[in-house]
>>> print(open('structure_39.cif').read())   # mmCIF, C-alpha atoms
data_input
#
loop_
_atom_site.label_atom_id
_atom_site.label_comp_id
_atom_site.auth_asym_id
_atom_site.auth_seq_id
_atom_site.Cartn_x
_atom_site.Cartn_y
_atom_site.Cartn_z
CA MET A 278 0.00 0.00 0.00
CA ALA A 279 1.48 3.33 -1.07
CA MET A 280 1.93 5.92 1.65
CA LEU A 281 1.49 9.62 1.03
CA GLN A 282 4.47 11.75 1.90
CA GLN A 283 4.31 15.41 2.77
CA ILE A 284 7.40 17.59 2.64
CA ILE A 285 7.36 20.76 4.72
CA ASP A 286 9.91 23.42 3.81
CA ARG A 287 11.12 24.89 7.10
CA ARG A 288 14.06 26.81 5.68
CA LEU A 289 14.41 30.38 6.90
CA SER A 290 14.91 33.38 4.66
CA GLY A 291 16.97 35.63 6.88
CA LYS A 292 15.83 37.20 10.15
CA ASN A 293 14.01 33.96 11.02
CA LYS A 294 11.44 34.41 8.22
CA SER A 295 9.90 31.33 6.64
CA ILE A 296 10.32 30.88 2.86
CA GLY A 297 7.14 28.82 2.73
CA ASN A 298 5.07 31.53 4.42
CA ARG A 299 6.54 34.15 2.10
CA GLU A 300 5.67 32.15 -1.02
CA ARG A 301 2.13 31.59 0.22
CA PHE A 302 1.74 35.32 0.83
CA LEU A 303 2.95 36.13 -2.71
CA ARG A 304 0.52 33.63 -4.21
CA ARG A 305 -2.42 34.78 -2.10
CA TYR A 306 -2.04 38.49 -2.85
CA ARG A 307 -0.71 38.08 -6.38
CA GLU A 308 -3.20 40.51 -7.92
CA GLN A 309 -2.59 43.28 -5.37
CA ILE A 310 1.20 42.85 -5.56
CA GLY A 311 1.10 42.94 -9.37
CA GLU A 312 -0.86 46.20 -9.31
CA ALA A 313 1.54 47.68 -6.76
CA VAL A 314 4.52 46.69 -8.95
CA ARG A 315 2.97 48.44 -11.96
CA ARG A 316 2.48 51.61 -9.92
CA ALA A 317 6.09 51.47 -8.72
CA VAL A 318 7.52 51.07 -12.24
CA SER A 319 5.74 54.15 -13.58
CA GLY A 320 7.74 56.37 -11.24
CA ARG A 321 11.18 54.80 -11.66
CA GLY A 322 14.11 55.84 -13.78
CA ILE A 323 15.75 53.56 -16.31
CA ARG A 324 18.77 52.75 -14.15
CA ASP A 325 16.62 52.06 -11.09
CA LEU A 326 14.22 49.65 -12.76
CA GLU A 327 15.85 46.38 -11.70
CA GLN A 328 15.63 46.79 -7.93
CA GLY A 329 13.50 45.55 -5.08
CA GLU A 330 10.52 47.51 -3.86
CA ASP A 331 8.52 48.18 -0.72
CA ILE A 332 4.97 47.28 -1.72
CA THR A 333 2.14 48.94 0.18
CA LEU A 334 -1.05 46.92 0.41
CA PRO A 335 -4.30 48.37 1.78
CA LYS A 336 -5.14 47.07 5.21
CA ARG A 337 -8.54 45.85 4.02
CA ASP A 338 -6.87 43.59 1.42
CA VAL A 339 -4.79 41.69 3.97
CA SER A 340 -7.32 41.50 6.76
CA GLU A 341 -8.12 38.01 8.01
CA PRO A 342 -11.66 36.74 8.67
CA VAL A 343 -12.31 36.03 12.37
CA PHE A 344 -15.04 34.45 14.42
CA GLY A 345 -16.89 36.75 16.83
CA HIS A 346 -19.53 36.46 19.52
CA GLY A 347 -23.12 37.13 18.58
CA GLN A 348 -25.14 39.97 20.09
CA GLY A 349 -26.78 39.49 23.45
CA GLY A 350 -25.83 37.98 26.78
CA ASP A 351 -23.70 39.25 29.62
CA ARG A 352 -19.93 39.03 29.10
CA GLU A 353 -17.00 40.30 31.04
CA TYR A 354 -13.80 41.51 29.34
CA VAL A 355 -10.32 42.24 30.63
CA HIS A 356 -8.74 45.10 28.66
CA PRO A 357 -4.97 45.34 29.21
CA GLY A 358 -3.66 48.83 29.83
CA ASN A 359 -7.10 50.20 30.84
CA LYS A 360 -6.84 53.47 32.71
CA GLU A 361 -10.24 55.00 31.98
CA TYR A 362 -12.95 52.49 32.83
CA VAL A 363 -14.01 50.58 35.91
CA LYS A 364 -16.42 47.72 36.32
CA GLY A 365 -19.97 48.73 35.45
CA ASP A 366 -19.01 51.50 32.96
CA ARG A 367 -20.57 51.32 29.48
CA ILE A 368 -18.20 51.73 26.51
CA GLU A 369 -19.65 53.71 23.64
CA ARG A 370 -19.63 52.23 20.17
CA PRO A 371 -16.91 53.80 17.95
CA GLN A 372 -18.15 56.37 15.46
CA GLY A 373 -18.20 55.61 11.69
CA GLY A 374 -19.62 52.12 11.76
CA GLY A 375 -17.45 50.72 14.49
CA GLY A 376 -14.24 50.34 12.50
CA ALA A 377 -11.07 52.38 12.45
CA GLY A 378 -10.14 53.90 9.13
CA LYS A 379 -6.82 53.62 7.32
CA GLY A 380 -3.97 55.68 8.61
CA SER A 381 -3.80 57.65 5.38
CA GLN A 382 -7.51 58.66 5.72
CA ALA A 383 -7.74 59.33 9.44
CA GLY A 384 -8.51 62.93 10.31
CA ASP A 385 -6.98 65.08 13.02
CA GLY A 386 -7.54 63.64 16.42
CA GLU A 387 -8.82 60.32 15.03
CA GLY A 388 -7.25 56.88 15.34
CA GLY A 389 -6.25 54.86 12.30
CA GLU A 390 -4.30 51.91 11.06
CA ASP A 391 -1.34 51.99 8.68
CA ASP A 392 -1.36 50.13 5.40
CA PHE A 393 0.58 46.89 5.24
CA VAL A 394 4.11 47.37 3.80
CA PHE A 395 5.73 44.31 2.24
CA SER A 396 9.31 44.36 0.91
CA LEU A 397 9.86 42.54 -2.38
CA THR A 398 13.38 41.43 -3.22
CA LYS A 399 14.90 42.29 -6.59
CA GLU A 400 14.23 38.77 -7.88
CA GLU A 401 10.63 38.75 -6.65
CA PHE A 402 9.98 42.19 -8.12
CA MET A 403 11.22 41.20 -11.57
CA ARG A 404 9.37 37.89 -11.45
CA VAL A 405 6.07 39.68 -10.82
CA PHE A 406 6.91 42.26 -13.46
CA PHE A 407 7.61 39.72 -16.22
CA GLU A 408 5.43 36.79 -15.18
CA ASP A 409 3.00 36.85 -18.12
CA LEU A 410 5.23 38.12 -20.92
CA ALA A 411 6.63 36.05 -23.81
CA LEU A 412 7.92 36.60 -27.32
CA PRO A 413 5.13 35.88 -29.85
CA HIS A 414 5.40 33.04 -32.39
CA LEU A 415 8.60 31.64 -30.86
CA ILE A 416 9.49 28.23 -32.26
CA ARG A 417 9.87 25.45 -29.65
CA THR A 418 8.67 27.60 -26.72
CA GLN A 419 10.93 29.42 -24.34
CA LEU A 420 14.65 29.15 -24.87
CA ALA A 421 16.23 29.29 -21.44
CA GLU A 422 13.55 27.79 -19.25
CA VAL A 423 12.92 24.57 -21.24
CA PRO A 424 16.27 23.25 -22.53
CA GLU A 425 16.26 20.58 -25.20
CA TRP A 426 18.48 17.51 -25.37
CA LYS A 427 20.02 15.92 -28.41
CA SER A 428 21.19 12.30 -28.59
CA HIS A 429 24.75 11.60 -29.76
CA ARG A 430 26.56 8.31 -30.34
CA ALA A 431 29.10 7.44 -27.65
CA GLY A 432 30.60 4.06 -28.58
CA PHE A 433 29.30 0.73 -27.27
CA VAL A 434 28.29 -0.63 -23.88
CA SER A 435 27.72 -4.15 -22.54
CA ASP A 436 24.18 -3.41 -21.27
CA GLY A 437 21.33 -1.80 -23.09
CA ASN A 438 18.03 -2.07 -24.90
CA PRO A 439 17.70 -5.06 -27.29
CA SER A 440 16.69 -2.68 -30.05
CA ASN A 441 20.16 -1.10 -29.79
CA LEU A 442 22.02 -4.42 -30.14
CA HIS A 443 24.91 -4.19 -32.59
CA VAL A 444 25.04 -7.67 -34.17
CA VAL A 445 28.35 -7.34 -36.03
CA ARG A 446 30.18 -5.97 -32.99
CA SER A 447 28.71 -8.71 -30.79
CA MET A 448 29.72 -11.51 -33.19
CA ARG A 449 33.19 -10.04 -33.49
CA GLY A 450 33.51 -10.11 -29.72
CA ALA A 451 32.24 -13.71 -29.57
CA LEU A 452 34.77 -14.82 -32.15
CA ALA A 453 37.60 -13.15 -30.25
CA ARG A 454 36.47 -14.78 -27.03
CA ARG A 455 36.30 -18.26 -28.58
CA ILE A 456 39.74 -17.81 -30.08
CA ALA A 457 41.17 -16.63 -26.76
CA LEU A 458 39.55 -19.36 -24.62
CA GLY A 459 40.16 -22.25 -27.02
CA GLY A 460 43.64 -21.40 -28.23
CA ASP A 461 45.57 -23.50 -25.71
CA SER A 462 43.22 -26.46 -26.07
CA ARG A 463 43.45 -26.48 -29.87
CA ARG A 464 47.22 -26.28 -29.76
CA GLU A 465 47.38 -29.17 -27.32
CA ILE A 466 44.91 -31.18 -29.46
CA ARG A 467 47.08 -30.67 -32.54
CA GLU A 468 50.16 -31.82 -30.61
CA LEU A 469 48.38 -34.93 -29.27
CA GLU A 470 46.98 -35.78 -32.71
CA ALA A 471 50.47 -35.59 -34.18
CA HIS A 472 51.84 -37.73 -31.34
CA LEU A 473 49.03 -40.27 -31.77
CA LEU A 474 49.70 -40.49 -35.49
CA HIS A 475 53.37 -41.05 -34.74
CA LEU A 476 52.55 -43.87 -32.31
CA GLN A 477 50.18 -45.55 -34.75
CA ARG A 478 52.86 -45.58 -37.48
CA SER A 479 55.56 -46.81 -35.13
CA PRO A 480 57.10 -50.28 -35.90
CA ARG A 481 56.48 -51.10 -32.26
CA VAL A 482 52.73 -50.42 -32.54
CA ALA A 483 51.97 -53.99 -31.34
CA ASP A 484 53.99 -53.48 -28.18
CA ALA A 485 51.87 -53.39 -25.02
CA LEU A 486 53.52 -50.20 -23.75
CA VAL A 487 52.85 -48.44 -27.06
CA GLN A 488 49.25 -49.63 -27.05
CA ARG A 489 48.74 -48.29 -23.55
CA GLU A 490 50.21 -44.90 -24.53
CA ILE A 491 47.93 -44.83 -27.58
CA ARG A 492 44.87 -45.42 -25.35
CA GLU A 493 45.97 -42.70 -22.90
CA THR A 494 46.54 -40.26 -25.75
CA GLU A 495 43.13 -41.00 -27.27
CA ALA A 496 41.46 -40.56 -23.88
CA LYS A 497 43.19 -37.22 -23.35
CA LEU A 498 42.22 -36.14 -26.88
CA GLU A 499 38.59 -37.01 -26.18
CA GLU A 500 38.67 -35.01 -22.96
CA LEU A 501 40.18 -31.94 -24.66
CA ARG A 502 37.71 -32.12 -27.58
CA SER A 503 34.80 -32.35 -25.14
CA LYS A 504 36.16 -29.37 -23.23
CA ALA A 505 36.48 -27.36 -26.41
CA LYS A 506 32.83 -28.03 -27.30
CA HIS A 507 31.71 -26.42 -24.03
CA VAL A 508 32.98 -22.97 -25.11
CA PRO A 509 29.68 -21.22 -26.03
CA PHE A 510 29.31 -19.80 -29.52
CA LEU A 511 27.71 -16.61 -28.14
CA ASP A 512 27.90 -15.52 -24.51
CA PRO A 513 26.10 -12.62 -22.80
CA ILE A 514 29.46 -10.97 -22.21
CA ASP A 515 29.90 -10.77 -26.00
CA LEU A 516 26.82 -8.60 -26.52
CA ARG A 517 27.47 -4.98 -27.41
CA TYR A 518 24.83 -2.23 -27.57
CA ARG A 519 24.96 1.14 -29.25
CA ASN A 520 25.47 3.80 -26.60
CA ARG A 521 23.86 7.24 -26.89
CA VAL A 522 24.28 10.17 -24.54
CA LYS A 523 22.10 13.27 -24.26
CA VAL A 524 23.75 16.66 -24.45
CA PRO A 525 21.91 19.95 -23.90
CA VAL A 526 21.41 22.13 -26.95
CA PRO A 527 19.62 25.48 -27.32
CA SER A 528 15.93 25.02 -28.04
CA ALA A 529 16.23 27.65 -30.74
CA LYS A 530 18.47 30.56 -31.59
CA ALA A 531 16.95 34.03 -31.45
CA VAL A 532 18.14 37.57 -32.07
CA MET A 533 16.38 40.83 -31.20
CA PHE A 534 17.12 44.03 -33.13
CA CYS A 535 16.51 47.25 -31.17
CA LEU A 536 16.16 50.30 -33.44
CA MET A 537 15.91 53.75 -31.81
CA ASP A 538 15.40 57.13 -33.46
CA VAL A 539 17.77 59.80 -32.05
CA SER A 540 17.06 62.54 -34.59
CA GLY A 541 16.56 66.19 -33.72
CA SER A 542 12.76 65.86 -33.53
CA MET A 543 13.17 63.40 -30.69
CA ASP A 544 13.23 65.62 -27.61
CA GLU A 545 14.40 64.40 -24.22
CA ALA A 546 10.95 63.24 -23.15
CA ARG A 547 10.53 61.11 -26.28
CA LYS A 548 14.03 59.72 -26.02
CA ASP A 549 13.39 58.89 -22.39
CA MET A 550 10.19 57.00 -23.31
CA SER A 551 12.08 55.12 -26.03
CA LYS A 552 14.86 54.23 -23.62
CA ARG A 553 12.34 53.02 -21.07
CA PHE A 554 10.66 50.79 -23.63
CA PHE A 555 13.95 49.28 -24.79
CA MET A 556 15.14 48.85 -21.22
CA LEU A 557 12.00 46.85 -20.47
CA LEU A 558 12.56 44.81 -23.61
CA TYR A 559 16.23 44.28 -22.80
CA MET A 560 15.55 43.15 -19.25
CA PHE A 561 12.71 40.91 -20.40
CA LEU A 562 14.86 39.17 -23.01
CA THR A 563 17.97 38.71 -20.89
CA ARG A 564 15.85 37.39 -18.01
CA HIS A 565 13.85 34.83 -19.98
CA TYR A 566 16.16 33.81 -22.81
CA GLU A 567 19.81 32.97 -22.21
CA LYS A 568 20.41 31.85 -25.79
CA ILE A 569 19.60 35.13 -27.50
CA ASP A 570 21.60 37.85 -29.24
CA LEU A 571 20.81 41.56 -28.96
CA VAL A 572 21.69 44.04 -31.70
CA PHE A 573 21.41 47.78 -30.85
CA ILE A 574 20.98 50.27 -33.72
CA ARG A 575 20.77 54.07 -33.32
CA HIS A 576 19.85 56.24 -36.30
CA HIS A 577 19.36 59.84 -37.42
CA THR A 578 20.42 60.55 -41.00
CA GLN A 579 22.77 57.59 -40.69
CA ALA A 580 22.41 54.37 -38.74
CA SER A 581 25.10 52.59 -36.77
CA GLU A 582 25.34 49.47 -34.68
CA VAL A 583 26.39 50.42 -31.14
CA THR A 584 27.04 48.84 -27.80
CA GLU A 585 24.47 48.68 -25.04
CA GLU A 586 26.12 51.58 -23.20
CA GLU A 587 26.17 53.78 -26.32
CA PHE A 588 22.60 52.83 -27.18
CA PHE A 589 21.20 54.12 -23.90
CA HIS A 590 23.58 56.99 -23.10
CA ALA A 591 25.14 58.43 -26.28
CA THR A 592 24.10 62.03 -27.10
CA GLU A 593 24.74 62.16 -30.87
CA THR A 594 21.81 63.53 -32.93
CA GLY A 595 20.97 64.79 -36.40
CA GLY A 596 18.32 64.68 -39.14
CA THR A 597 15.94 61.81 -39.83
CA VAL A 598 16.33 59.01 -42.37
CA VAL A 599 14.63 55.98 -40.83
CA SER A 600 15.33 53.70 -43.78
CA SER A 601 19.04 53.76 -42.91
CA ALA A 602 18.30 51.73 -39.76
CA LEU A 603 16.18 49.19 -41.63
CA THR A 604 18.84 48.85 -44.32
CA LEU A 605 21.52 48.24 -41.69
CA MET A 606 19.32 45.67 -39.96
CA LEU A 607 18.84 43.82 -43.27
CA GLU A 608 22.59 43.82 -43.91
CA ILE A 609 23.30 42.41 -40.43
CA VAL A 610 20.65 39.71 -40.83
CA ARG A 611 22.10 38.58 -44.16
CA ALA A 612 25.66 38.65 -42.84
CA ARG A 613 25.25 37.06 -39.39
CA TYR A 614 21.76 35.70 -38.82
CA PRO A 615 20.40 33.49 -41.62
CA SER A 616 16.64 33.16 -41.18
CA GLY A 617 16.81 29.39 -41.60
CA GLU A 618 18.86 29.09 -38.39
CA TRP A 619 17.68 32.04 -36.28
CA ASN A 620 14.38 33.34 -34.95
CA ILE A 621 14.64 37.05 -35.75
CA TYR A 622 12.74 39.79 -33.90
CA GLY A 623 12.74 43.54 -34.31
CA ALA A 624 11.53 46.47 -32.19
CA GLN A 625 11.59 50.07 -33.42
CA ALA A 626 10.91 53.28 -31.47
CA SER A 627 10.48 56.64 -33.17
CA ASP A 628 8.34 59.77 -33.08
CA GLY A 629 7.27 58.97 -36.64
CA ASP A 630 8.63 62.22 -38.08
CA ASN A 631 10.43 61.28 -41.30
CA TRP A 632 10.85 62.46 -44.88
CA HIS A 633 7.72 61.48 -46.78
CA GLN A 634 9.63 59.71 -49.54
CA ASP A 635 11.74 57.83 -47.01
CA SER A 636 8.66 56.63 -45.10
CA GLY A 637 7.45 54.88 -48.25
CA ARG A 638 10.86 53.28 -48.63
CA CYS A 639 10.66 52.06 -45.01
CA ARG A 640 7.35 50.39 -45.73
CA GLU A 641 8.81 48.72 -48.83
CA LEU A 642 11.89 47.52 -46.94
CA LEU A 643 9.75 45.96 -44.25
CA ALA A 644 7.17 44.43 -46.56
CA ASP A 645 9.57 43.07 -49.21
CA HIS A 646 12.69 42.19 -47.23
CA LEU A 647 12.45 42.23 -43.44
CA LEU A 648 8.99 40.93 -42.53
CA PRO A 649 9.44 37.72 -44.59
CA LEU A 650 12.55 37.03 -42.48
CA VAL A 651 11.41 37.99 -38.97
CA ARG A 652 9.09 36.21 -36.55
CA TYR A 653 7.78 39.44 -35.09
CA TYR A 654 8.36 43.16 -35.57
CA ALA A 655 7.01 45.81 -33.17
CA TYR A 656 6.87 49.53 -33.92
CA VAL A 657 6.31 52.00 -31.07
CA GLN A 658 5.60 55.64 -31.87
CA VAL A 659 6.49 57.88 -28.94
CA ALA A 660 4.16 60.66 -30.09
CA GLU A 661 0.41 60.97 -30.29
CA ALA A 662 0.23 62.98 -33.53
CA GLU A 663 -0.41 61.17 -36.81
CA GLN A 664 2.91 61.18 -38.64
CA ASN A 665 3.72 59.91 -42.15
CA MET A 666 5.53 56.90 -40.71
CA TRP A 667 2.35 55.86 -38.90
CA GLU A 668 0.32 56.16 -42.09
CA GLU A 669 2.76 54.03 -44.09
CA TYR A 670 3.14 51.39 -41.38
CA SER A 671 -0.64 51.13 -40.95
CA GLN A 672 -0.76 49.46 -44.36
CA LEU A 673 1.60 46.77 -43.09
CA ALA A 674 -0.43 46.07 -39.95
CA GLU A 675 -3.43 45.12 -42.08
CA SER A 676 -1.59 42.57 -44.23
CA HIS A 677 1.14 41.13 -42.00
CA LYS A 678 0.31 39.17 -38.84
CA ASN A 679 3.89 39.36 -37.57
CA PHE A 680 3.83 43.18 -37.49
CA ALA A 681 2.37 45.26 -34.64
CA MET A 682 2.33 49.00 -33.94
CA ARG A 683 1.34 51.04 -30.89
CA LYS A 684 1.50 54.65 -29.68
CA VAL A 685 3.02 55.89 -26.45
CA SER A 686 2.33 59.49 -25.50
CA ASP A 687 3.18 59.36 -21.80
CA ALA A 688 5.60 57.43 -19.61
CA GLN A 689 2.68 55.70 -17.89
CA ASP A 690 1.63 54.19 -21.24
CA ILE A 691 4.93 52.34 -21.75
CA TYR A 692 4.15 49.46 -19.45
CA PRO A 693 0.68 48.54 -20.82
CA VAL A 694 1.89 48.95 -24.40
CA PHE A 695 4.89 46.75 -23.72
CA ARG A 696 2.75 44.07 -22.14
CA ASP A 697 0.29 44.28 -25.01
CA LEU A 698 3.04 43.76 -27.59
CA PHE A 699 4.74 40.89 -25.79
CA LYS A 700 1.95 39.14 -23.90
CA LYS A 701 1.80 35.36 -23.91
CA GLU A 702 -0.38 33.84 -26.57
CA ARG A 703 -3.36 31.90 -25.31
CA GLY A 704 -3.87 29.83 -28.44
CA PRO A 705 -1.65 28.24 -31.10
CA ALA A 706 0.55 30.58 -33.09
#
>>> encode(input="structure_39.cif", output="structure tokens")
Amino acid sequence: MAMLQQIIDRRLSGKNKSIGNRERFLRRYREQIGEAVRRAVSGRGIRDLEQGEDITLPKRDVSEPVFGHGQGGDREYVHPGNKEYVKGDRIERPQGGGGAGKGSQAGDGEGGEDDFVFSLTKEEFMRVFFEDLALPHLIRTQLAEVPEWKSHRAGFVSDGNPSNLHVVRSMRGALARRIALGGDSRREIRELEAHLLHLQRSPRVADALVQREIRETEAKLEELRSKAKHVPFLDPIDLRYRNRVKVPVPSAKAVMFCLMDVSGSMDEARKDMSKRFFMLLYMFLTRHYEKIDLVFIRHHTQASEVTEEEFFHATETGGTVVSSALTLMLEIVRARYPSGEWNIYGAQASDGDNWHQDSGRCRELLADHLLPLVRYYAYVQVAEAEQNMWEEYSQLAESHKNFAMRKVSDAQDIYPVFRDLFKKERGPA
């Protein structure tokens, strides 16, 4: 009869705090903590995004249900610290329905209770922040979290599945064993046969001593031949099986291209919104996908591939030719990331202000060259006004399922737009 086993995690998480209790609290108030994390992110700078946070939860959300006595009857209470009442005094019911308000809403001279403050670690904060995000249309699911294994040949072993039996190798081993075990016996048999033949041809063959030696030789030959027959033709130790070992391989290879407009029309507020969006994207990718490349491209009249530090902090600016960034992305894809081997993604942030002729060229580059190669391409316009880029790209959104576009006019819109672009798919891709 099988017995159920229950494992209780009693490890402590510093300052005598239980890990199990902490995990239960996070699961129980997941919705409130998620909302508090979203509020915290809207007020953070780019460099301060990946940190822990003190989450404030309303007292009413963490209150526990309790059993109480019904109305009626005579009861006596002992109130510790009582300095105002004596036995027989009647205590008035508290004003406002009998409950104390929150500390933040209590007026002057009124009592109240503080909200519950819960400190999330850096890891817990980022886990809540990214818990329901995923790259769309990714082949073979998530890269880092679900590693794949590939089988490789690794010689032969003496134990294994019958379906992996290597017949030729097994027979070769059996032959070698029979030769090794029967070598001495066969040599001795040949010597005795030669000696017996010599005795039988001897002129003294009729002699009693010779006849006795012949009988002894024949008896020894019979014994050796019988012994040789007992060497099995195939023994279990001869069997050899094909050996295969599993080695981890990346589930798929992916690359994300980050294209940011740094032209003169992009003021500091728009650049800051673009940086925030790409910082979210960067943190999301590096957290969820170890096997992924990131390519950073800044552009004004000319586009250039830059490092992460230059992408977020360089101050170079100029005019606007968006097609230069798309052309550079296409060149990099063809040179380093063949679409047959890589899952290619692109994200572009711009205010949409571009030369009218160049906006048409951008649409053609995407429709004819880039979108057939990429799994997903997201365009974020950090301006509310309808620009020519938005008009041209709108034609792509209607005809290409792997293209998405959104507008961000305020820093508070970055988070919902980001989640909308990279939310997990509920159905098949």
>>> closest_residue(input="structure_39.cif", among="A:Glu587, A:Val532, A:Gly596, A:Arg638", to="A:Tyr654", atoms="only C-alpha atoms")
A:Val532
>>> resolve_selection(input="structure_39.cif", expression="the PyMOL selection byres ((chain A and resi 454) around 12)", output="JSON list (two decimals) with C-alpha atoms, in the frame of the given file")
[["chain", "number", "residue", "atom", "x", "y", "z"],
["A", 447, "SER", "CA", 28.71, -8.71, -30.79],
["A", 448, "MET", "CA", 29.72, -11.51, -33.19],
["A", 449, "ARG", "CA", 33.19, -10.04, -33.49],
["A", 450, "GLY", "CA", 33.51, -10.11, -29.72],
["A", 451, "ALA", "CA", 32.24, -13.71, -29.57],
["A", 452, "LEU", "CA", 34.77, -14.82, -32.15],
["A", 453, "ALA", "CA", 37.60, -13.15, -30.25],
["A", 455, "ARG", "CA", 36.30, -18.26, -28.58],
["A", 456, "ILE", "CA", 39.74, -17.81, -30.08],
["A", 457, "ALA", "CA", 41.17, -16.63, -26.76],
["A", 458, "LEU", "CA", 39.55, -19.36, -24.62],
["A", 459, "GLY", "CA", 40.16, -22.25, -27.02],
["A", 460, "GLY", "CA", 43.64, -21.40, -28.23],
["A", 508, "VAL", "CA", 32.98, -22.97, -25.11],
["A", 509, "PRO", "CA", 29.68, -21.22, -26.03],
["A", 510, "PHE", "CA", 29.31, -19.80, -29.52],
["A", 511, "LEU", "CA", 27.71, -16.61, -28.14],
["A", 512, "ASP", "CA", 27.90, -15.52, -24.51],
["A", 513, "PRO", "CA", 26.10, -12.62, -22.80],
["A", 514, "ILE", "CA", 29.46, -10.97, -22.21],
["A", 515, "ASP", "CA", 29.90, -10.77, -26.00],
["A", 516, "LEU", "CA", 26.82, -8.60, -26.52]]
>>> closest_residue(input="structure_39.cif", among="A:Ala602, A:Leu558, A:Val522, A:Val583", to="A:Val694", atoms="all atoms listed in the file")
A:Leu558
>>> closest_residue(input="structure_39.cif", among="A:Glu641, A:Asp630, A:Asp697, A:Glu470", to="A:Trp667", atoms="all atoms listed in the file")
A:Asp630
>>> resolve_selection(input="structure_39.cif", expression="the PyMOL selection byres ((chain A and resi 498) around 10)", output="PDB file with C-alpha atoms, keeping the file's coordinate frame")
ATOM      1  CA  SER A 462      43.220 -26.460 -26.070  1.00  0.00           C
ATOM      2  CA  GLU A 465      47.380 -29.170 -27.320  1.00  0.00           C
ATOM      3  CA  ILE A 466      44.910 -31.180 -29.460  1.00  0.00           C
ATOM      4  CA  ARG A 467      47.080 -30.670 -32.540  1.00  0.00           C
ATOM      5  CA  GLU A 468      50.160 -31.820 -30.610  1.00  0.00           C
ATOM      6  CA  LEU A 469      48.380 -34.930 -29.270  1.00  0.00           C
ATOM      7  CA  GLU A 470      46.980 -35.780 -32.710  1.00  0.00           C
ATOM      8  CA  LEU A 473      49.030 -40.270 -31.770  1.00  0.00           C
ATOM      9  CA  ARG A 492      44.870 -45.420 -25.350  1.00  0.00           C
ATOM     10  CA  GLU A 493      45.970 -42.700 -22.900  1.00  0.00           C
ATOM     11  CA  THR A 494      46.540 -40.260 -25.750  1.00  0.00           C
ATOM     12  CA  GLU A 495      43.130 -41.000 -27.270  1.00  0.00           C
ATOM     13  CA  ALA A 496      41.460 -40.560 -23.880  1.00  0.00           C
ATOM     14  CA  LYS A 497      43.190 -37.220 -23.350  1.00  0.00           C
ATOM     15  CA  GLU A 499      38.590 -37.010 -26.180  1.00  0.00           C
ATOM     16  CA  GLU A 500      38.670 -35.010 -22.960  1.00  0.00           C
ATOM     17  CA  LEU A 501      40.180 -31.940 -24.660  1.00  0.00           C
ATOM     18  CA  ARG A 502      37.710 -32.120 -27.580  1.00  0.00           C
ATOM     19  CA  SER A 503      34.800 -32.350 -25.140  1.00  0.00           C
ATOM     20  CA  LYS A 504      36.160 -29.370 -23.230  1.00  0.00           C
TER      21      LYS A 504
END
>>> axis_aligned_box(input="structure_39.cif", around="stretch 451-467 of chain A", padding_each_side="3 Å", output="JSON")
{"center_x": 39.8, "center_y": -22.2, "center_z": -28.6, "size_x": 21.1, "size_y": 24.0, "size_z": 13.9}
